[in-house]
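See below for my_file_21.cif, which holds mmCIF, C-alpha atoms (C1' of nucleotides).
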```cif
data_protein
#
loop_
_atom_site.label_atom_id
_atom_site.label_comp_id
_atom_site.auth_asym_id
_atom_site.auth_seq_id
_atom_site.Cartn_x
_atom_site.Cartn_y
_atom_site.Cartn_z
CA MET A 1 20.11 212.28 87.29
CA ARG A 2 21.84 210.45 84.48
CA ILE A 3 25.05 208.80 85.69
CA VAL A 4 27.07 206.47 83.48
CA ALA A 5 30.15 204.44 84.39
CA HIS A 6 32.68 203.01 81.96
CA LEU A 7 34.35 199.83 83.17
CA ASP A 8 37.64 198.64 81.70
CA LEU A 9 39.38 195.44 82.81
CA ASP A 10 43.12 195.97 83.36
CA ALA A 11 45.36 194.27 80.73
CA PHE A 12 42.60 191.69 80.38
CA PHE A 13 44.13 188.89 78.24
CA ALA A 14 47.45 189.08 80.12
CA ALA A 15 45.69 189.21 83.50
CA VAL A 16 43.76 186.03 82.67
CA GLU A 17 46.96 184.24 81.63
CA GLU A 18 48.58 185.30 84.93
CA LEU A 19 45.64 183.86 86.86
CA GLU A 20 45.83 180.60 84.92
CA ARG A 21 49.63 180.40 85.30
CA PRO A 22 50.67 182.26 88.47
CA GLU A 23 54.37 181.58 87.76
CA LEU A 24 54.10 184.21 84.95
CA ALA A 25 52.80 186.94 87.25
CA ARG A 26 56.02 188.90 87.73
CA LEU A 27 57.46 188.34 84.23
CA PRO A 28 57.00 190.60 81.20
CA LEU A 29 54.14 188.92 79.36
CA VAL A 30 52.87 189.56 75.83
CA VAL A 31 49.70 188.03 74.42
CA GLY A 32 49.60 188.24 70.64
CA GLY A 33 51.03 186.77 67.44
CA ASP A 34 54.27 184.97 66.69
CA PRO A 35 57.28 187.27 67.40
CA ARG A 36 59.09 185.61 64.46
CA GLY A 37 56.12 186.17 62.13
CA ARG A 38 53.76 189.03 61.23
CA GLY A 39 51.75 189.14 64.44
CA VAL A 40 51.02 192.15 66.65
CA VAL A 41 50.62 192.60 70.40
CA ALA A 42 47.03 192.15 71.62
CA THR A 43 47.78 192.86 75.30
CA ALA A 44 50.95 193.30 77.35
CA ASN A 45 51.01 193.10 81.14
CA TYR A 46 52.25 196.09 83.15
CA GLU A 47 55.70 194.53 83.58
CA ALA A 48 56.09 194.32 79.77
CA ARG A 49 54.78 197.89 79.36
CA ARG A 50 57.80 199.09 81.35
CA TYR A 51 59.87 198.16 78.26
CA GLY A 52 57.67 200.33 76.05
CA ILE A 53 55.63 197.40 74.72
CA ARG A 54 52.13 198.51 73.71
CA SER A 55 49.02 197.03 72.08
CA ALA A 56 49.13 196.94 68.24
CA MET A 57 52.96 197.02 68.19
CA SER A 58 54.46 194.28 66.02
CA CYS A 59 55.55 191.28 68.08
CA ALA A 60 58.95 191.38 66.40
CA GLU A 61 59.43 194.89 67.79
CA ALA A 62 58.20 193.79 71.22
CA LEU A 63 60.78 190.99 71.19
CA ARG A 64 63.54 193.46 70.31
CA ARG A 65 62.51 195.71 73.20
CA CYS A 66 62.38 192.86 75.69
CA PRO A 67 64.10 189.62 74.59
CA ASP A 68 63.17 187.98 77.94
CA ALA A 69 59.43 188.55 77.52
CA VAL A 70 57.12 185.54 77.53
CA PHE A 71 54.98 185.42 74.34
CA LEU A 72 51.63 183.61 74.42
CA ARG A 73 49.03 183.12 71.69
CA PRO A 74 45.54 184.40 72.59
CA ARG A 75 43.02 181.86 73.93
CA HIS A 76 39.71 183.57 73.14
CA ARG A 77 37.51 180.82 74.50
CA THR A 78 39.12 181.14 77.95
CA TYR A 79 38.83 184.93 77.87
CA SER A 80 35.14 184.65 76.95
CA GLU A 81 34.52 182.44 79.98
CA TYR A 82 36.21 184.95 82.32
CA SER A 83 34.33 187.78 80.62
CA ARG A 84 30.97 186.07 81.23
CA ALA A 85 31.84 185.69 84.92
CA VAL A 86 32.89 189.36 85.15
CA TRP A 87 29.66 190.69 83.61
CA ALA A 88 27.50 188.39 85.72
CA ALA A 89 29.22 189.84 88.81
CA VAL A 90 28.75 193.41 87.55
CA ARG A 91 25.01 192.83 86.97
CA GLU A 92 24.63 191.74 90.61
CA VAL A 93 25.47 195.37 91.52
CA VAL A 94 24.27 197.33 88.46
CA PRO A 95 21.61 195.53 86.43
CA THR A 96 21.63 197.73 83.30
CA VAL A 97 24.82 197.19 81.33
CA GLU A 98 26.02 197.71 77.75
CA ARG A 99 28.94 195.45 76.87
CA THR A 100 31.17 196.98 74.19
CA GLY A 101 33.81 194.25 74.23
CA LEU A 102 34.99 191.28 76.29
CA ASP A 103 36.80 193.63 78.63
CA GLU A 104 34.80 196.85 78.68
CA GLY A 105 31.33 198.30 78.82
CA TYR A 106 29.02 200.98 80.20
CA LEU A 107 26.92 200.76 83.35
CA ASP A 108 23.75 202.74 84.11
CA VAL A 109 24.77 203.89 87.57
CA GLY A 110 21.86 206.35 87.74
CA GLU A 111 19.64 203.37 88.47
CA VAL A 112 21.34 202.65 91.78
CA ALA A 113 22.95 205.96 92.80
CA GLU A 114 21.06 209.22 93.11
CA ASP A 115 24.16 211.46 93.10
CA PHE A 116 27.84 211.46 92.10
CA GLY A 117 29.02 210.96 95.69
CA ARG A 118 27.04 207.77 95.94
CA ALA A 119 28.17 206.74 92.43
CA ARG A 120 31.70 206.29 93.74
CA VAL A 121 30.41 203.86 96.36
CA VAL A 122 28.62 201.91 93.63
CA ALA A 123 31.79 201.85 91.50
CA GLU A 124 33.74 200.46 94.46
CA ALA A 125 31.08 197.79 94.93
CA VAL A 126 31.43 196.83 91.23
CA GLN A 127 35.21 196.52 91.60
CA ALA A 128 34.80 194.36 94.70
CA ALA A 129 32.25 192.12 92.96
CA VAL A 130 34.53 191.60 89.93
CA ARG A 131 37.52 190.88 92.13
CA GLY A 132 35.52 188.50 94.31
CA ALA A 133 34.15 186.54 91.34
CA THR A 134 37.28 186.38 89.17
CA SER A 135 40.30 187.93 91.00
CA LEU A 136 40.54 190.41 88.08
CA SER A 137 40.95 194.15 88.60
CA CYS A 138 39.26 196.91 86.65
CA ALA A 139 39.23 200.70 86.37
CA LEU A 140 36.04 202.77 86.27
CA GLY A 141 35.17 206.26 85.09
CA VAL A 142 31.92 207.87 86.27
CA ALA A 143 30.31 210.85 84.51
CA SER A 144 27.11 212.21 83.03
CA CYS A 145 27.79 210.75 79.56
CA LYS A 146 29.63 207.96 77.79
CA VAL A 147 32.55 209.85 76.26
CA VAL A 148 33.55 211.52 79.54
CA ALA A 149 33.14 208.24 81.47
CA LYS A 150 35.38 206.48 78.95
CA VAL A 151 38.17 209.06 79.10
CA ALA A 152 37.84 209.04 82.91
CA SER A 153 38.21 205.25 83.21
CA ASP A 154 41.59 205.55 81.51
CA ARG A 155 42.91 208.08 84.07
CA ARG A 156 43.71 205.82 87.00
CA LYS A 157 44.86 202.46 85.71
CA PRO A 158 45.12 199.84 86.98
CA GLY A 159 42.34 199.56 89.51
CA GLY A 160 41.34 203.22 89.94
CA ILE A 161 38.07 205.14 89.99
CA THR A 162 37.64 208.63 88.50
CA VAL A 163 34.44 210.58 89.08
CA VAL A 164 33.68 213.68 86.95
CA PRO A 165 30.79 215.63 88.53
CA ALA A 166 28.05 217.12 86.36
CA GLY A 167 29.02 220.51 84.97
CA ARG A 168 32.75 219.69 84.96
CA GLU A 169 32.79 217.60 81.75
CA ALA A 170 34.41 220.12 79.39
CA SER A 171 37.01 221.33 81.90
CA PHE A 172 37.91 217.73 82.74
CA LEU A 173 38.52 216.84 79.06
CA ALA A 174 40.20 220.11 78.03
CA PRO A 175 43.84 219.41 79.07
CA PHE A 176 44.10 215.94 77.46
CA GLN A 177 45.68 215.20 74.08
CA VAL A 178 43.08 215.00 71.28
CA ARG A 179 44.14 211.42 70.54
CA LEU A 180 42.60 210.36 73.88
CA LEU A 181 39.16 211.40 72.66
CA PRO A 182 37.34 208.32 71.30
CA GLY A 183 36.84 208.83 67.55
CA VAL A 184 40.12 210.68 66.99
CA GLY A 185 42.49 208.27 65.25
CA PRO A 186 45.90 208.83 63.61
CA ARG A 187 44.39 210.67 60.59
CA ALA A 188 42.29 213.15 62.53
CA GLU A 189 45.13 213.71 65.01
CA ALA A 190 47.52 214.55 62.15
CA ARG A 191 45.06 216.98 60.53
CA LEU A 192 44.47 218.75 63.83
CA ALA A 193 48.18 218.83 64.64
CA GLY A 194 48.80 220.51 61.27
CA ALA A 195 46.65 223.41 62.51
CA GLY A 196 48.32 223.50 65.91
CA ILE A 197 45.42 221.76 67.66
CA GLY A 198 46.83 219.28 70.19
CA LEU A 199 44.45 219.42 73.15
CA ILE A 200 40.80 218.46 73.50
CA GLY A 201 40.04 221.96 74.83
CA GLN A 202 41.37 223.49 71.59
CA LEU A 203 39.20 221.13 69.52
CA ALA A 204 36.18 222.12 71.61
CA ALA A 205 36.85 225.83 70.89
CA LEU A 206 37.06 225.52 67.07
CA THR A 207 34.70 227.77 65.09
CA ASP A 208 32.37 226.26 62.48
CA ALA A 209 34.61 227.51 59.66
CA GLU A 210 37.77 226.04 61.21
CA LEU A 211 36.02 222.75 61.87
CA THR A 212 34.71 222.49 58.30
CA ARG A 213 38.23 223.04 57.00
CA LEU A 214 39.94 220.55 59.35
CA LEU A 215 37.38 217.78 59.86
CA PRO A 216 34.56 218.17 57.35
CA GLY A 217 31.24 216.33 57.60
CA LYS A 218 29.35 214.68 60.36
CA VAL A 219 32.51 213.31 61.98
CA GLY A 220 33.95 216.76 62.73
CA ARG A 221 30.76 218.06 64.33
CA LEU A 222 30.45 214.90 66.40
CA LEU A 223 34.03 215.11 67.66
CA ARG A 224 33.69 218.80 68.62
CA GLU A 225 30.50 217.99 70.58
CA ARG A 226 32.29 215.18 72.39
CA ALA A 227 35.29 217.45 73.09
CA ARG A 228 32.78 219.75 74.83
CA GLY A 229 31.63 216.84 76.98
CA VAL A 230 28.31 216.53 75.15
CA ASP A 231 27.33 212.96 74.23
CA PRO A 232 23.63 212.05 74.21
CA ARG A 233 24.15 208.40 73.17
CA PRO A 234 22.04 206.12 75.36
CA LEU A 235 23.19 202.70 76.54
CA GLU A 236 22.61 200.11 73.79
CA LEU A 237 21.20 197.12 75.61
CA THR A 238 20.45 194.87 72.63
CA ALA A 239 23.43 194.92 70.30
CA LYS A 240 22.94 192.90 67.13
CA SER A 241 25.84 192.17 64.82
CA VAL A 242 25.77 193.67 61.34
CA SER A 243 28.37 191.46 59.69
CA ILE A 244 30.32 188.24 60.24
CA GLY A 245 33.69 187.61 58.70
CA HIS A 246 37.01 185.87 58.77
CA GLU A 247 40.39 186.96 57.39
CA GLU A 248 43.96 185.73 57.61
CA THR A 249 47.39 187.16 56.92
CA PHE A 250 49.74 184.71 55.19
CA GLU A 251 53.19 183.94 56.56
CA ARG A 252 54.45 184.83 53.06
CA ASP A 253 52.65 186.72 50.28
CA VAL A 254 50.68 184.36 48.04
CA SER A 255 50.12 184.71 44.29
CA ASP A 256 48.95 181.16 43.46
CA ARG A 257 45.28 181.52 42.46
CA GLU A 258 44.34 177.96 43.44
CA ARG A 259 45.79 178.42 46.94
CA LEU A 260 43.92 181.73 47.35
CA HIS A 261 40.66 180.06 46.31
CA GLU A 262 41.29 177.20 48.74
CA GLU A 263 41.86 179.62 51.62
CA LEU A 264 38.74 181.61 50.75
CA ARG A 265 36.58 178.48 50.60
CA ARG A 266 37.89 177.38 54.00
CA MET A 267 37.15 180.81 55.53
CA ALA A 268 33.70 180.83 53.89
CA GLY A 269 33.04 177.52 55.64
CA ARG A 270 33.87 179.07 59.01
CA VAL A 271 31.67 182.08 58.32
CA ALA A 272 28.80 179.77 57.31
CA GLU A 273 29.20 177.77 60.56
CA HIS A 274 28.91 181.03 62.48
CA LEU A 275 25.76 181.94 60.52
CA VAL A 276 24.15 178.55 61.11
CA SER A 277 24.96 178.53 64.83
CA SER A 278 23.38 181.99 65.23
CA GLY A 279 20.30 181.05 63.17
CA GLN A 280 20.98 183.65 60.48
CA VAL A 281 21.40 183.90 56.73
CA ALA A 282 23.26 186.62 54.81
CA ARG A 283 22.60 188.37 51.51
CA THR A 284 25.83 190.28 50.86
CA VAL A 285 29.23 188.60 50.40
CA THR A 286 32.44 190.67 50.50
CA THR A 287 35.95 189.52 49.62
CA LYS A 288 38.84 191.57 51.01
CA LEU A 289 42.39 191.61 49.64
CA ARG A 290 45.48 193.20 51.13
CA TYR A 291 48.53 193.68 48.89
CA PRO A 292 52.16 193.70 50.09
CA ASP A 293 52.13 197.54 50.06
CA PHE A 294 49.18 197.38 52.51
CA ALA A 295 46.69 198.66 49.94
CA ILE A 296 43.26 197.15 50.59
CA ARG A 297 40.72 196.25 47.91
CA SER A 298 37.29 194.79 48.47
CA ARG A 299 34.62 193.49 46.11
CA SER A 300 31.11 192.66 47.19
CA THR A 301 27.88 191.44 45.75
CA THR A 302 24.34 191.04 47.02
CA LEU A 303 22.53 187.73 46.45
CA PRO A 304 18.84 187.57 45.53
CA ALA A 305 18.11 185.55 48.69
CA GLY A 306 19.73 184.94 52.08
CA CYS A 307 22.31 182.16 52.24
CA ALA A 308 24.15 180.23 54.98
CA ASP A 309 25.76 177.64 52.71
CA GLY A 310 29.56 177.60 53.00
CA ALA A 311 30.10 176.19 49.50
CA ARG A 312 27.91 178.87 47.90
CA ILE A 313 29.51 181.70 49.89
CA GLY A 314 32.95 180.30 48.98
CA GLU A 315 32.06 180.20 45.30
CA VAL A 316 30.89 183.83 45.33
CA ALA A 317 33.94 184.92 47.35
CA CYS A 318 36.30 183.28 44.80
CA ALA A 319 34.55 184.99 41.89
CA LEU A 320 34.90 188.34 43.69
CA LEU A 321 38.60 187.64 44.29
CA ASP A 322 39.08 186.98 40.55
CA ARG A 323 37.31 190.25 39.73
CA ALA A 324 39.55 192.22 42.12
CA LEU A 325 42.72 190.56 40.80
CA ALA A 326 41.67 191.39 37.24
CA ASP A 327 41.59 195.08 38.29
CA ARG A 328 44.86 194.89 40.20
CA PRO A 329 46.92 191.71 39.74
CA GLY A 330 49.65 190.71 42.19
CA ALA A 331 50.60 188.64 45.22
CA LEU A 332 48.48 189.06 48.35
CA ARG A 333 49.38 189.47 51.99
CA LEU A 334 45.87 188.75 53.27
CA VAL A 335 42.51 187.55 52.05
CA GLY A 336 39.23 187.52 53.91
CA VAL A 337 35.54 186.93 53.42
CA SER A 338 32.67 188.54 55.28
CA VAL A 339 28.91 188.50 54.99
CA SER A 340 26.39 191.24 55.84
CA LYS A 341 22.71 192.09 55.40
CA LEU A 342 22.00 189.44 57.99
CA GLU A 343 18.50 188.10 58.53
CA THR A 344 17.27 185.76 61.23
CA HIS A 345 14.97 182.85 60.47
CA GLU A 346 12.18 184.71 62.33
CA GLN A 347 12.59 187.73 60.04
CA LEU A 348 12.44 185.44 56.99
CA ALA A 349 9.28 183.79 58.27
CA LEU A 350 7.65 187.22 58.70
CA ALA A 351 8.69 188.44 55.26
"C1'" DT B 1 58.13 199.60 64.91
"C1'" DC B 2 55.99 197.95 60.42
"C1'" DT B 3 51.84 197.03 61.14
"C1'" DG B 4 46.29 190.96 63.26
"C1'" DG B 5 41.57 190.00 63.24
"C1'" DG B 6 37.18 191.03 64.58
"C1'" DG B 7 34.07 194.49 63.81
"C1'" DT B 8 31.17 199.46 63.12
"C1'" DC B 9 30.08 203.63 60.90
"C1'" DC B 10 30.57 207.22 57.45
"C1'" DT B 11 31.27 209.06 52.82
"C1'" DC B 12 31.38 209.10 48.02
"C1'" DC B 13 30.10 207.57 43.54
"C1'" DG B 14 27.31 205.56 40.00
"C1'" DC B 15 23.06 203.60 38.62
"C1'" DC B 16 18.19 203.29 38.53
"C1'" DT B 17 13.66 205.13 38.90
"C1'" DG B 18 9.81 208.25 39.37
"C1'" DT C 1 10.12 211.13 23.85
"C1'" DC C 2 13.76 213.69 25.97
"C1'" DT C 3 15.92 216.16 29.85
"C1'" DG C 4 16.82 217.45 34.53
"C1'" DC C 5 16.51 216.44 39.24
"C1'" DA C 6 16.10 214.12 43.64
"C1'" DG C 7 16.14 210.10 46.37
"C1'" DG C 8 17.20 205.31 47.28
"C1'" DC C 9 20.33 201.71 47.00
"C1'" DG C 10 24.46 198.95 46.09
"C1'" DG C 11 29.34 198.92 45.93
"C1'" DA C 12 33.84 200.49 47.32
"C1'" DG C 13 36.92 202.56 50.36
"C1'" DG C 14 38.48 204.98 54.59
"C1'" DA C 15 38.78 205.80 59.50
"C1'" DC C 16 38.27 204.09 63.77
"C1'" DC C 17 37.78 200.86 67.94
"C1'" DC C 18 39.09 196.82 70.98
#
```

Before anything else, please render the file you have as structure tokens.
Amino acid sequence: MRIVAHLDLDAFFAAVEELERPELARLPLVVGGDPRGRGVVATANYEARRYGIRSAMSCAEALRRCPDAVFLRPRHRTYSEYSRAVWAAVREVVPTVERTGLDEGYLDVGEVAEDFGRARVVAEAVQAAVRGATSLSCALGVASCKVVAKVASDRRKPGGITVVPAGREASFLAPFQVRLLPGVGPRAEARLAGAGIGLIGQLAALTDAELTRLLPGKVGRLLRERARGVDPRPLELTAKSVSIGHEETFERDVSDRERLHEELRRMAGRVAEHLVSSGQVARTVTTKLRYPDFAIRSRSTTLPAGCADGARIGEVACALLDRALADRPGALRLVGVSVSKLETHEQLALA
DNA sequence: TCTGGGGTCCTCCGCCTG
DNA sequence: TCTGCAGGCGGAGGACCC
């Protein structure tokens, strides 16, 4: 019997900060950007959420909602260390794991539990292991496939366990808002709402013709399958990254070409360091621009051979920036550089 | 509200080639 | 040699996720 669990650490960044600084534990706490700048909320603890503060909200808005909140900048290195400890503890209980982020992932519970009743016991053992190793709490959803497990893990937060027995997938999902289905973002939600479709059960019941009209292409068919609780995706145990990039939003929009080039060269250097440390080279360089009206433009080019040289990547990125600004001149809110078509040194040696 | 930074995947279009 | 077509690929953009 295939049984999958989705594990989600509760308010992860904020929970780590509370562990590191226990005096913050009962205060509204926001981890994210500068509340006087252009930053957004990465994570808010449950105390801050009582004021309506949510992830992805601008920090300025979070400050307006709760002027007494404590604002901290994210410390990714510290979170990575806690994350490593969490997943080591999880693997002591369930050896086969797919990490999808620092704070979440899927577990192959079928390996250690032969039925859904026993799966709950395994989920409790995972929670206890995580708490014992790190003092962090997590929520788990257990089901026959990834999408149902993921929706289930969100049901009882913080610290809960939700088990959806086999055969109950579609009826479990049906009453939830479509936006809770992974893959349905603001655009798809708006299109569905325009046709009076608000619940996952209604999405699951759409005819082919209705689906083609509302959500054409592969995406629509995939979302309707998921709404029906059908999701054959296996656990991905060896995730390899496809691209590496770096981008930054300026405090104030920048139009000075020299300054933009300088920033791009600096970011290209960081990207190249990342490439070198992972033993990879890249063939495609992409420069991204965001204008004050939030319009995004990107220009990319593919090099004849793989490259991990920061100066070379910077040079190409600057030329791409110039090309994009020739098409649409103006000040920029953000620039970024990323590389893709990655190859490892082993692959190059084989080629 | 006024929107970061790191990504992935999908779609569309134009170009090239057989 | 020209035309039409299909498929592959690169480039650009959009939607989404954490």

TODO: Find the residues of chain A in contact range of chain C, meaning any atom within 7 Å when counting all atoms listed in the file, and list them as a ChimeraX atom specification.
DONE: /A:101,183,185,298,300

Each residue of chain B with at least one atom at most 7 Å from chain A should appear once, together with its nearest atom pair and the corresponding distance in Å (one decimal); atoms considered: all atoms listed in the file; ordering: chain, then increasing residue number; output as JSON lines.
```
{"residue": "B:DT1", "atom": "C1'", "partner": "A:Glu61", "partner_atom": "CA", "distance": 5.7}
{"residue": "B:DC2", "atom": "C1'", "partner": "A:Ser58", "partner_atom": "CA", "distance": 6.9}
{"residue": "B:DT3", "atom": "C1'", "partner": "A:Ser58", "partner_atom": "CA", "distance": 6.2}
{"residue": "B:DG4", "atom": "C1'", "partner": "A:Gly39", "partner_atom": "CA", "distance": 5.9}
{"residue": "B:DG5", "atom": "C1'", "partner": "A:Glu247", "partner_atom": "CA", "distance": 6.7}
```

Task: One-decimal distance in Å that lies between atom CA of Tyr79 of chain A and atom CA of Ala268 of chain A - done: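 Between atom CA of Ala268 of chain A and atom CA of Tyr79 of chain A the gap works out to 24.9 Å.
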
- [ ] Quote the spacing between atom CA of Val254 of chain A and atom CA of Leu289 of chain A in Å to one decimal place.
- [x]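 Those two atoms sit 11.1 Å apart.
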
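Interatomic distance, atom CA of Glu17 of chain A against atom CA of Trp87 of chain A: 18.6 Å.
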
Task: Expansion of the PyMOL selection byres ((chain A and resi 316-322) around 6) into residues, as a ChimeraX atom specification - done: /A:261,287,299,313-315,323-325

If you keep C-alpha atoms, can you produce a file of those selected residues as a CSV table (one decimal), in the frame of the given file?
```csv
chain,number,residue,atom,x,y,z
A,261,HIS,CA,40.7,180.1,46.3
A,287,THR,CA,36.0,189.5,49.6
A,299,ARG,CA,34.6,193.5,46.1
A,313,ILE,CA,29.5,181.7,49.9
A,314,GLY,CA,33.0,180.3,49.0
A,315,GLU,CA,32.1,180.2,45.3
A,323,ARG,CA,37.3,190.2,39.7
A,324,ALA,CA,39.6,192.2,42.1
A,325,LEU,CA,42.7,190.6,40.8
```

TODO: Output the residue selection produced by the PyMOL selection byres ((chain A and resi 215) around 12) on the file above, formatted as number ranges by chain.
DONE: A: 183-184, 187-195, 197, 203, 206-214, 216-224

Open item on the list: On this structure, the PyMOL selection byres ((chain A and resi 153) around 7) would catch which residues? List them as a PyMOL selection string, sorted by chain and number.
Closed with: chain A and resi 6-8+139-141+149-152+154-156+161-162

Residues from last step as file, C-alpha atoms, as a tab-separated table (two decimals), keeping the file's coordinate frame:
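Full text of again-v1.tsv as output:
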```
chain	number	residue	atom	x	y	z
A	6	HIS	CA	32.68	203.01	81.96
A	7	LEU	CA	34.35	199.83	83.17
A	8	ASP	CA	37.64	198.64	81.70
A	139	ALA	CA	39.23	200.70	86.37
A	140	LEU	CA	36.04	202.77	86.27
A	141	GLY	CA	35.17	206.26	85.09
A	149	ALA	CA	33.14	208.24	81.47
A	150	LYS	CA	35.38	206.48	78.95
A	151	VAL	CA	38.17	209.06	79.10
A	152	ALA	CA	37.84	209.04	82.91
A	154	ASP	CA	41.59	205.55	81.51
A	155	ARG	CA	42.91	208.08	84.07
A	156	ARG	CA	43.71	205.82	87.00
A	161	ILE	CA	38.07	205.14	89.99
A	162	THR	CA	37.64	208.63	88.50
```

Starting from the sparse input, extend segment 184-201 of chain A to N, CA, C and O atoms and give the output as a compact mmCIF listing (two decimals), in the frame of the given file.
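Result file is result_19.txt:
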```txt
# COMPACT_ATOMS: atom_id res chain seq x y z
N VAL A 184 38.95 210.04 67.60
CA VAL A 184 40.12 210.68 66.99
C VAL A 184 41.20 209.63 66.82
O VAL A 184 41.77 209.15 67.79
N GLY A 185 41.45 209.25 65.56
CA GLY A 185 42.49 208.27 65.25
C GLY A 185 43.71 208.98 64.72
O GLY A 185 43.81 210.21 64.79
N PRO A 186 44.65 208.22 64.12
CA PRO A 186 45.90 208.83 63.61
C PRO A 186 45.65 209.91 62.56
O PRO A 186 46.35 210.92 62.54
N ARG A 187 44.64 209.71 61.67
CA ARG A 187 44.39 210.67 60.59
C ARG A 187 43.90 212.01 61.14
O ARG A 187 44.42 213.06 60.81
N ALA A 188 42.86 211.93 61.98
CA ALA A 188 42.29 213.15 62.53
C ALA A 188 43.33 213.87 63.40
O ALA A 188 43.43 215.10 63.37
N GLU A 189 44.09 213.11 64.15
CA GLU A 189 45.13 213.71 65.01
C GLU A 189 46.13 214.50 64.15
O GLU A 189 46.49 215.63 64.49
N ALA A 190 46.54 213.88 63.01
CA ALA A 190 47.52 214.55 62.15
C ALA A 190 46.94 215.83 61.55
O ALA A 190 47.63 216.86 61.48
N ARG A 191 45.68 215.78 61.13
CA ARG A 191 45.06 216.98 60.53
C ARG A 191 44.97 218.10 61.56
O ARG A 191 45.24 219.26 61.25
N LEU A 192 44.58 217.74 62.78
CA LEU A 192 44.47 218.75 63.83
C LEU A 192 45.85 219.30 64.20
O LEU A 192 46.01 220.52 64.37
N ALA A 193 46.83 218.40 64.27
CA ALA A 193 48.18 218.83 64.64
C ALA A 193 48.72 219.83 63.62
O ALA A 193 49.41 220.79 63.98
N GLY A 194 48.37 219.60 62.33
CA GLY A 194 48.80 220.51 61.27
C GLY A 194 48.31 221.93 61.48
O GLY A 194 48.91 222.89 60.98
N ALA A 195 47.20 222.07 62.23
CA ALA A 195 46.65 223.41 62.51
C ALA A 195 46.99 223.85 63.93
O ALA A 195 46.41 224.82 64.44
N GLY A 196 47.89 223.12 64.57
CA GLY A 196 48.32 223.50 65.91
C GLY A 196 47.33 223.11 67.00
O GLY A 196 47.38 223.64 68.11
N ILE A 197 46.41 222.19 66.68
CA ILE A 197 45.42 221.76 67.66
C ILE A 197 45.91 220.45 68.29
O ILE A 197 45.93 219.41 67.63
N GLY A 198 46.31 220.48 69.54
CA GLY A 198 46.83 219.28 70.19
C GLY A 198 45.99 218.82 71.36
O GLY A 198 46.04 217.66 71.75
N LEU A 199 45.20 219.75 71.94
CA LEU A 199 44.45 219.42 73.15
C LEU A 199 42.94 219.39 72.88
O LEU A 199 42.44 220.10 72.00
N ILE A 200 42.25 218.59 73.68
CA ILE A 200 40.80 218.46 73.50
C ILE A 200 40.12 219.82 73.68
O ILE A 200 39.18 220.16 72.96
N GLY A 201 40.62 220.64 74.59
CA GLY A 201 40.04 221.96 74.83
C GLY A 201 40.12 222.84 73.59
O GLY A 201 39.21 223.62 73.29
```
